[in-house]
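So this block is start15.cif, mmCIF, C-alpha atoms:
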data_work
#
loop_
_atom_site.label_atom_id
_atom_site.label_comp_id
_atom_site.auth_asym_id
_atom_site.auth_seq_id
_atom_site.Cartn_x
_atom_site.Cartn_y
_atom_site.Cartn_z
CA MET A 5 -35.74 41.54 83.90
CA TYR A 6 -38.19 43.79 85.71
CA LYS A 7 -41.89 44.19 85.24
CA ALA A 8 -43.09 47.78 85.63
CA LYS A 9 -46.66 48.59 86.54
CA ILE A 10 -47.29 52.24 85.73
CA TYR A 11 -50.35 54.08 86.98
CA ILE A 12 -51.25 57.33 85.21
CA ALA A 13 -54.00 59.63 86.50
CA PRO A 14 -55.19 63.17 85.81
CA LYS A 15 -53.56 65.64 88.22
CA LYS A 16 -55.63 66.59 91.23
CA SER A 17 -55.68 70.22 90.07
CA VAL A 18 -57.12 69.24 86.67
CA LEU A 19 -60.82 68.61 86.29
CA ASP A 20 -61.38 65.00 85.17
CA PRO A 21 -64.66 64.78 83.22
CA GLN A 22 -64.49 60.97 83.02
CA GLY A 23 -63.92 60.63 86.75
CA ARG A 24 -66.83 62.95 87.42
CA ALA A 25 -69.17 60.98 85.12
CA VAL A 26 -68.14 57.71 86.79
CA GLN A 27 -68.68 59.22 90.24
CA HIS A 28 -72.19 60.32 89.24
CA ALA A 29 -72.92 56.84 87.90
CA LEU A 30 -71.73 55.26 91.16
CA GLU A 31 -73.87 57.66 93.17
CA SER A 32 -76.91 56.90 91.04
CA LEU A 33 -76.32 53.20 91.73
CA GLY A 34 -76.61 53.94 95.43
CA PHE A 35 -72.91 53.84 96.41
CA GLN A 36 -72.73 56.44 99.13
CA GLY A 37 -69.72 58.41 100.30
CA VAL A 38 -67.74 58.05 97.06
CA ASP A 39 -65.48 60.98 96.31
CA ASP A 40 -62.53 62.06 94.11
CA VAL A 41 -63.04 59.46 91.37
CA ARG A 42 -60.30 59.77 88.79
CA VAL A 43 -60.01 57.69 85.65
CA GLY A 44 -56.50 57.14 84.34
CA LYS A 45 -54.41 54.61 82.48
CA PHE A 46 -52.46 51.53 83.43
CA VAL A 47 -49.35 50.58 81.47
CA GLU A 48 -47.45 47.36 82.06
CA LEU A 49 -44.08 46.67 80.49
CA LYS A 50 -40.96 44.58 80.91
CA VAL A 51 -37.60 46.24 81.04
CA ASP A 52 -34.25 44.50 80.85
CA SER A 53 -32.07 46.18 83.47
CA PRO A 54 -29.22 44.94 85.69
CA ASP A 55 -30.71 46.32 88.91
CA ASN A 56 -33.69 48.07 90.45
CA THR A 57 -32.15 51.56 90.39
CA THR A 58 -31.38 51.41 86.67
CA ALA A 59 -34.82 49.99 85.88
CA ALA A 60 -36.50 52.74 87.90
CA ALA A 61 -34.49 55.44 86.16
CA ARG A 62 -35.40 54.05 82.75
CA VAL A 63 -39.12 53.76 83.55
CA LYS A 64 -39.09 57.32 84.90
CA GLU A 65 -37.55 58.55 81.66
CA MET A 66 -40.14 56.63 79.61
CA CYS A 67 -42.92 58.22 81.63
CA GLU A 68 -41.57 61.72 81.26
CA LYS A 69 -40.76 61.43 77.55
CA LEU A 70 -43.82 59.60 76.28
CA LEU A 71 -46.19 57.78 78.61
CA VAL A 72 -47.29 60.75 80.69
CA ASN A 73 -48.27 64.29 79.73
CA GLY A 74 -46.91 66.23 82.69
CA VAL A 75 -49.18 69.21 81.96
CA VAL A 76 -52.32 67.32 82.98
CA GLU A 77 -51.23 63.93 84.32
CA GLU A 78 -49.26 62.45 87.21
CA TYR A 79 -47.91 58.93 87.65
CA THR A 80 -46.56 56.34 90.01
CA PHE A 81 -45.06 52.97 89.23
CA GLU A 82 -43.92 49.79 90.90
CA LEU A 83 -41.21 47.40 89.81
CA LEU A 84 -41.30 43.65 90.24
CA ARG A 85 -38.24 41.52 89.66
CA GLU A 86 -38.95 38.60 87.31
CA MET B 7 -46.45 81.13 49.05
CA LYS B 8 -45.44 77.48 49.19
CA PHE B 9 -47.41 75.27 51.56
CA GLY B 10 -46.57 71.84 52.95
CA VAL B 11 -49.35 69.64 54.34
CA VAL B 12 -47.93 67.00 56.69
CA VAL B 13 -49.43 63.52 56.39
CA PHE B 14 -49.28 61.21 59.40
CA PRO B 15 -50.68 57.69 59.40
CA GLY B 16 -54.26 58.45 60.44
CA SER B 17 -54.47 62.05 59.17
CA ASN B 18 -57.84 62.55 57.50
CA CYS B 19 -58.11 66.27 56.83
CA ASP B 20 -54.89 66.39 54.82
CA HIS B 21 -56.68 66.32 51.45
CA ASP B 22 -59.13 69.03 52.54
CA CYS B 23 -56.23 71.32 53.46
CA TYR B 24 -54.41 70.46 50.23
CA HIS B 25 -57.55 71.13 48.19
CA VAL B 26 -58.19 74.52 49.76
CA LEU B 27 -54.61 75.72 49.41
CA LYS B 28 -53.98 74.28 45.95
CA HIS B 29 -57.34 74.63 44.22
CA VAL B 30 -59.18 77.38 46.08
CA PHE B 31 -56.20 79.67 46.67
CA ASN B 32 -54.05 78.42 43.75
CA GLN B 33 -50.91 78.16 45.87
CA PRO B 34 -48.07 75.72 45.26
CA THR B 35 -48.83 72.97 47.79
CA GLU B 36 -47.22 69.62 48.49
CA PHE B 37 -47.92 66.76 50.84
CA VAL B 38 -45.06 66.05 53.26
CA TRP B 39 -44.80 62.52 54.64
CA HIS B 40 -44.25 62.25 58.39
CA LYS B 41 -40.97 60.41 57.75
CA ASP B 42 -39.60 63.18 55.55
CA THR B 43 -36.68 65.07 56.99
CA SER B 44 -36.75 68.38 55.18
CA LEU B 45 -39.06 71.38 54.95
CA LYS B 46 -36.73 73.28 52.68
CA GLY B 47 -38.51 75.70 50.36
CA PHE B 48 -41.79 75.84 52.29
CA ASP B 49 -43.19 79.09 53.66
CA CYS B 50 -46.01 77.59 55.70
CA VAL B 51 -46.52 74.10 57.10
CA VAL B 52 -49.96 72.74 57.95
CA LEU B 53 -50.48 69.93 60.47
CA PRO B 54 -53.95 68.70 59.52
CA GLY B 55 -56.72 67.11 61.52
CA GLY B 56 -57.35 63.41 61.93
CA PHE B 57 -56.27 60.64 64.23
CA SER B 58 -52.50 60.42 63.88
CA TYR B 59 -51.31 57.00 65.05
CA GLY B 60 -54.90 56.17 65.97
CA ASP B 61 -54.78 58.66 68.85
CA TYR B 62 -53.09 55.85 70.79
CA LEU B 63 -51.89 56.73 74.29
CA ARG B 64 -52.96 60.39 73.91
CA CYS B 65 -53.86 62.48 70.86
CA GLY B 66 -50.61 63.60 69.27
CA ALA B 67 -48.41 61.76 71.79
CA ILE B 68 -46.78 59.49 69.22
CA ALA B 69 -46.89 61.87 66.26
CA LYS B 70 -44.65 64.29 68.15
CA PHE B 71 -41.75 61.86 67.71
CA SER B 72 -42.13 61.68 63.92
CA PRO B 73 -39.00 62.73 62.02
CA ILE B 74 -40.93 65.61 60.41
CA ILE B 75 -41.75 67.14 63.79
CA ARG B 76 -38.03 67.61 64.42
CA GLU B 77 -37.99 69.62 61.19
CA VAL B 78 -41.14 71.51 62.18
CA ARG B 79 -39.37 72.62 65.39
CA GLY B 80 -36.44 74.04 63.41
CA PHE B 81 -38.79 75.56 60.83
CA ALA B 82 -40.84 77.28 63.56
CA ALA B 83 -37.71 78.44 65.40
CA SER B 84 -36.48 80.15 62.23
CA GLY B 85 -39.79 82.00 61.84
CA GLY B 86 -41.64 79.70 59.42
CA LYS B 87 -45.42 79.74 59.77
CA VAL B 88 -47.00 76.61 61.24
CA LEU B 89 -50.76 76.02 61.33
CA GLY B 90 -52.05 73.08 63.38
CA ILE B 91 -55.73 72.28 63.00
CA CYS B 92 -57.54 69.95 65.41
CA ASN B 93 -55.25 66.90 65.67
CA GLY B 94 -52.51 69.23 64.38
CA PHE B 95 -53.14 71.48 67.41
CA GLN B 96 -53.00 68.43 69.69
CA ILE B 97 -49.64 67.47 68.17
CA LEU B 98 -48.28 71.01 68.66
CA VAL B 99 -49.15 71.05 72.39
CA GLU B 100 -47.78 67.52 72.90
CA ALA B 101 -44.58 68.57 71.14
CA GLY B 102 -44.31 71.62 73.39
CA LEU B 103 -44.45 74.04 70.44
CA LEU B 104 -47.54 75.53 72.07
CA PRO B 105 -48.35 75.65 75.80
CA GLY B 106 -51.01 73.64 77.63
CA ALA B 107 -52.86 70.42 76.84
CA LEU B 108 -56.12 69.28 75.25
CA ARG B 109 -58.29 67.06 77.44
CA ARG B 110 -61.42 65.04 76.76
CA ASN B 111 -64.42 67.25 76.09
CA GLN B 112 -66.26 68.11 79.27
CA ASP B 113 -69.37 66.13 78.28
CA LEU B 114 -67.19 63.25 76.97
CA ARG B 115 -68.82 63.41 73.52
CA PHE B 116 -67.31 63.73 70.07
CA LEU B 117 -68.63 67.09 68.87
CA CYS B 118 -69.19 67.73 65.18
CA LYS B 119 -71.02 71.02 64.59
CA ASN B 120 -70.69 74.66 63.67
CA ILE B 121 -69.59 76.95 66.47
CA HIS B 122 -68.75 80.65 66.66
CA LEU B 123 -65.33 82.10 67.35
CA ARG B 124 -64.38 85.60 68.33
CA VAL B 125 -61.10 87.01 67.05
CA GLU B 126 -59.11 88.20 70.06
CA ASN B 127 -55.87 89.33 68.46
CA ASN B 128 -55.66 90.46 64.86
CA GLU B 129 -51.99 91.38 64.92
CA THR B 130 -50.75 87.97 63.85
CA PRO B 131 -49.99 86.44 60.43
CA PHE B 132 -53.08 84.23 60.83
CA THR B 133 -55.61 86.92 61.72
CA ARG B 134 -54.32 90.17 60.20
CA LYS B 135 -57.16 90.39 57.66
CA LEU B 136 -59.76 90.19 60.42
CA PRO B 137 -61.11 93.03 62.50
CA LYS B 138 -60.63 92.44 66.23
CA GLY B 139 -63.83 91.12 67.78
CA LYS B 140 -65.05 89.66 64.47
CA VAL B 141 -67.17 86.52 64.90
CA LEU B 142 -66.59 83.60 62.55
CA LYS B 143 -68.72 80.50 62.11
CA ILE B 144 -66.42 77.49 61.76
CA PRO B 145 -67.09 73.78 62.35
CA ILE B 146 -65.46 71.73 65.09
CA ALA B 147 -65.06 67.93 65.02
CA HIS B 148 -63.26 66.55 68.04
CA ALA B 149 -63.52 64.60 71.28
CA GLU B 150 -60.38 66.07 72.88
CA GLY B 151 -60.52 69.84 72.51
CA ASN B 152 -60.93 70.87 76.12
CA TYR B 153 -58.02 73.28 76.49
CA TYR B 154 -56.10 73.35 79.75
CA ALA B 155 -53.11 75.29 81.01
CA ASP B 156 -52.19 76.20 84.57
CA GLU B 157 -53.10 79.64 85.94
CA LYS B 158 -49.63 81.10 85.46
CA THR B 159 -49.44 79.98 81.82
CA LEU B 160 -52.94 81.29 81.10
CA ARG B 161 -52.03 84.66 82.56
CA GLU B 162 -48.87 84.84 80.46
CA MET B 163 -50.82 83.90 77.34
CA GLU B 164 -53.45 86.53 78.02
CA ASP B 165 -50.74 89.17 78.62
CA ASN B 166 -48.86 88.22 75.46
CA GLY B 167 -51.95 88.23 73.24
CA GLN B 168 -51.44 84.53 72.47
CA ILE B 169 -55.15 83.72 72.58
CA LEU B 170 -56.30 84.29 69.01
CA PHE B 171 -59.78 82.73 69.07
CA ARG B 172 -62.34 82.15 71.81
CA TYR B 173 -65.63 80.28 71.62
CA ALA B 174 -68.42 82.86 71.60
CA THR B 175 -72.09 83.27 70.85
CA GLU B 176 -73.13 84.40 67.39
CA GLU B 177 -73.23 87.93 68.79
CA GLY B 178 -69.66 87.64 70.08
CA GLU B 179 -70.35 87.14 73.74
CA ILE B 180 -67.90 84.91 75.61
CA SER B 181 -70.00 82.71 77.86
CA GLU B 182 -70.15 79.30 79.41
CA LEU B 183 -73.04 78.41 77.10
CA ALA B 184 -70.98 79.23 74.00
CA ASN B 185 -68.17 76.94 75.18
CA PRO B 186 -68.69 73.56 73.50
CA ASN B 187 -66.03 71.51 75.26
CA GLY B 188 -65.07 73.05 78.61
CA SER B 189 -61.93 74.85 77.42
CA LEU B 190 -60.48 77.21 80.03
CA HIS B 191 -61.03 80.89 79.14
CA ASN B 192 -63.16 79.62 76.17
CA ILE B 193 -59.92 79.04 74.27
CA ALA B 194 -60.36 77.76 70.70
CA GLY B 195 -57.03 78.78 69.18
CA ILE B 196 -53.66 79.96 70.47
CA ALA B 197 -50.32 81.09 69.12
CA ASN B 198 -46.79 80.89 70.47
CA LYS B 199 -45.15 84.03 71.86
CA GLU B 200 -43.64 84.86 68.48
CA LYS B 201 -47.06 84.40 66.78
CA ASN B 202 -45.76 82.25 63.93
CA VAL B 203 -47.27 79.00 65.24
CA LEU B 204 -51.06 78.72 65.49
CA GLY B 205 -53.04 75.80 66.90
CA MET B 206 -56.84 75.77 66.65
CA MET B 207 -59.52 73.14 67.21
CA PRO B 208 -62.05 74.48 64.63
CA HIS B 209 -61.57 73.56 60.96
CA PRO B 210 -61.21 76.62 58.67
CA GLU B 211 -60.40 74.32 55.73
CA ARG B 212 -63.94 72.92 55.93
CA CYS B 213 -65.53 76.30 55.31
CA ALA B 214 -63.36 78.05 52.75
CA GLU B 215 -65.65 77.89 49.70
CA SER B 216 -69.10 79.42 49.24
CA LEU B 217 -70.00 76.25 47.32
CA LEU B 218 -69.96 74.48 50.70
CA GLY B 219 -72.37 76.98 52.21
CA ASN B 220 -69.88 78.74 54.45
CA ALA B 221 -66.70 80.60 53.57
CA ASP B 222 -65.85 82.08 56.98
CA GLY B 223 -62.62 80.07 57.14
CA ARG B 224 -61.18 81.74 54.02
CA VAL B 225 -59.99 84.83 55.81
CA ILE B 226 -57.53 82.83 57.94
CA PHE B 227 -55.82 81.57 54.78
CA GLU B 228 -56.06 85.04 53.21
CA SER B 229 -54.31 86.45 56.29
CA ILE B 230 -51.50 83.92 55.93
CA LEU B 231 -51.15 84.76 52.24
CA SER B 232 -50.96 88.48 52.94
CA SER B 233 -48.32 88.16 55.66
#
Mind turning this structure into structure tokens?
Amino acid sequence: MYKAKIYIAPKKSVLDPQGRAVQHALESLGFQGVDDVRVGKFVELKVDSPDNTTAAARVKEMCEKLLVNGVVEEYTFELLRE
Amino acid sequence: MKFGVVVFPGSNCDHDCYHVLKHVFNQPTEFVWHKDTSLKGFDCVVLPGGFSYGDYLRCGAIAKFSPIIREVRGFAASGGKVLGICNGFQILVEAGLLPGALRRNQDLRFLCKNIHLRVENNETPFTRKLPKGKVLKIPIAHAEGNYYADEKTLREMEDNGQILFRYATEEGEISELANPNGSLHNIAGIANKEKNVLGMMPHPERCAESLLGNADGRVIFESILSS
């Protein structure tokens, strides 16, 4: 069994209104030098796979079919053996 | 003309669409459940507004895997007319039946108000009764209507006349101020290349009777009926 931690964020080329609002809020709180704030999603799931390669291939397929909208989002994930 | 109004769990404009088609335009109209697997006999399918599957994950992301969407793909490929309004538009872009994506509104608010649209292409089944450049007043009600597509796609859409409606001022001027949600190129409604699939954020079914104080949406349905 593998645990997948999937991080989804708006693509760099796509304006992220949430990230921008959060950045403004941080600036107004006095946090200086904050840039490129992007607000995304975090998905955690368990996948029953015999090995790391198979698990990675399955998570990638899940991301591309459902979890991520490739038009506006990008993703990375990590796999932990359980 | 026989209309089918698709009902997803969470649709909430399905009855408005049904009412307008059945009782205002006196057309044979049926609800189609999202688990149904046939669109046989229908001439036009409407994907109504609402919050299909609670908008979980992304608007339209789960609805696109409904059995009926498989049928909608085949229906559209064989030339059937498909009208997606609001959440219906979001489902059509998620399903890849229309290009691009709909992001959170630029100011992050849910917007529920009348806006003005300018008709950009009147050579489609959805706009053929409208003069080009005509301005319509139609309400919007959404939080994710901020249209995005990459530069190349936008250029192709402009070249192919796929942009049917743009947000405009009452006088028909396309400006930043008239853009309620941050949509690129002020896009409010687009069609596929073949022009038989339309997705639009504004709600023509909410303004199709003079009794409701605004009948600007009627002409979109009249166009469909005359095509």
Within 10 Å of chain A, which residues of chain B are there when counting all atoms listed in the file? Please give them as JSON, numbers by chain.
{"B": [63, 64, 67, 68, 70, 71, 99, 100, 105, 106, 107, 108, 109, 110, 111, 112, 113, 114, 154, 155, 156, 188]}
Hits of the PyMOL selection byres ((chain B and resi 177) around 10) in this structure, as number ranges by chain:
B: 122-124, 139-141, 174-176, 178-180
Prev. selection, C-alpha atoms, output as a PDB file, in the coordinates of the input:
ATOM      1  CA  HIS B 122     -68.750  80.650  66.660  1.00  0.00           C
ATOM      2  CA  LEU B 123     -65.330  82.100  67.350  1.00  0.00           C
ATOM      3  CA  ARG B 124     -64.380  85.600  68.330  1.00  0.00           C
ATOM      4  CA  GLY B 139     -63.830  91.120  67.780  1.00  0.00           C
ATOM      5  CA  LYS B 140     -65.050  89.660  64.470  1.00  0.00           C
ATOM      6  CA  VAL B 141     -67.170  86.520  64.900  1.00  0.00           C
ATOM      7  CA  ALA B 174     -68.420  82.860  71.600  1.00  0.00           C
ATOM      8  CA  THR B 175     -72.090  83.270  70.850  1.00  0.00           C
ATOM      9  CA  GLU B 176     -73.130  84.400  67.390  1.00  0.00           C
ATOM     10  CA  GLY B 178     -69.660  87.640  70.080  1.00  0.00           C
ATOM     11  CA  GLU B 179     -70.350  87.140  73.740  1.00  0.00           C
ATOM     12  CA  ILE B 180     -67.900  84.910  75.610  1.00  0.00           C
TER      13      ILE B 180
END
Could you tell me which residues the PyMOL selection byres ((chain A and resi 40) around 9) grabs in this file, written as a PyMOL selection string?
chain A and resi 16+23-24+27+38-39+41-42
Only C-alpha atoms, please: the residues just picked out, written as a CSV table (one decimal), keeping the file's coordinate frame.
chain,number,residue,atom,x,y,z
A,16,LYS,CA,-55.6,66.6,91.2
A,23,GLY,CA,-63.9,60.6,86.8
A,24,ARG,CA,-66.8,63.0,87.4
A,27,GLN,CA,-68.7,59.2,90.2
A,38,VAL,CA,-67.7,58.0,97.1
A,39,ASP,CA,-65.5,61.0,96.3
A,41,VAL,CA,-63.0,59.5,91.4
A,42,ARG,CA,-60.3,59.8,88.8
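Point (-43.9, 61.3, 53.9) has the following residues at most 12 Å away: Gly10, Val11, Val12, Val13, Phe14, Pro15, Ser17, Glu36, Phe37, Val38, Trp39, His40, Lys41, Asp42, Thr43, Ser44, Leu45, Ser72, Pro73, Ile74 and Ile75 of chain B (atoms considered: all atoms listed in the file).
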Just give me the gap between CA of Ile193 in chain B and CA of Ala69 in chain B in Å, one decimal is fine.
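Between CA of Ile193 in chain B and CA of Ala69 in chain B the gap works out to 23.0 Å.
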Residues returned when the PyMOL selection byres ((chain A and resi 53) around 12) runs on this file, as a list in words:
Met5, Tyr6, Lys7, Ala8, Lys50, Val51, Asp52, Pro54, Asp55, Asn56, Thr57, Thr58, Ala59, Ala60, Ala61, Arg62, Val63, Leu83, Leu84, Arg85 and Glu86 of chain A
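For the residues B:Ala184, B:Leu89, B:Ala101, B:Cys65, ranking by smallest atom-to-atom distance to Phe227 in chain B using all atoms listed in the file places B:Leu89 first.
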Fewer than 3 positions away in the same chain doesn't count, so skip those; otherwise give me all residues within 12 Å of Leu136 in chain B, counting all atoms listed in the file, as a PyMOL selection string.
chain B and resi 124-133+139-142+170-171+222-230+232
Any idea what the distance is between CA of Gly151 in chain B and CA of Gly55 in chain B?
11.9 Å
One number please: CA of Phe81 in chain B to CA of Tyr153 in chain B, in Å, one decimal.
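Spanning CA of Phe81 in chain B to CA of Tyr153 in chain B is a straight-line distance of 24.9 Å.
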Anything within 10 Å of (-42.4, 81.8, 63.3): list those residues as a PDB file with C-alpha atoms, in the coordinates of the input, counting only C-alpha atoms and sticking to the file's coordinates.
ATOM      1  CA  CYS B  50     -46.010  77.590  55.700  1.00  0.00           C
ATOM      2  CA  ARG B  79     -39.370  72.620  65.390  1.00  0.00           C
ATOM      3  CA  GLY B  80     -36.440  74.040  63.410  1.00  0.00           C
ATOM      4  CA  PHE B  81     -38.790  75.560  60.830  1.00  0.00           C
ATOM      5  CA  ALA B  82     -40.840  77.280  63.560  1.00  0.00           C
ATOM      6  CA  ALA B  83     -37.710  78.440  65.400  1.00  0.00           C
ATOM      7  CA  SER B  84     -36.480  80.150  62.230  1.00  0.00           C
ATOM      8  CA  GLY B  85     -39.790  82.000  61.840  1.00  0.00           C
ATOM      9  CA  GLY B  86     -41.640  79.700  59.420  1.00  0.00           C
ATOM     10  CA  LYS B  87     -45.420  79.740  59.770  1.00  0.00           C
ATOM     11  CA  VAL B  88     -47.000  76.610  61.240  1.00  0.00           C
ATOM     12  CA  PRO B 131     -49.990  86.440  60.430  1.00  0.00           C
ATOM     13  CA  ALA B 197     -50.320  81.090  69.120  1.00  0.00           C
ATOM     14  CA  ASN B 198     -46.790  80.890  70.470  1.00  0.00           C
ATOM     15  CA  LYS B 199     -45.150  84.030  71.860  1.00  0.00           C
ATOM     16  CA  GLU B 200     -43.640  84.860  68.480  1.00  0.00           C
ATOM     17  CA  LYS B 201     -47.060  84.400  66.780  1.00  0.00           C
ATOM     18  CA  ASN B 202     -45.760  82.250  63.930  1.00  0.00           C
ATOM     19  CA  VAL B 203     -47.270  79.000  65.240  1.00  0.00           C
ATOM     20  CA  LEU B 204     -51.060  78.720  65.490  1.00  0.00           C
TER      21      LEU B 204
END
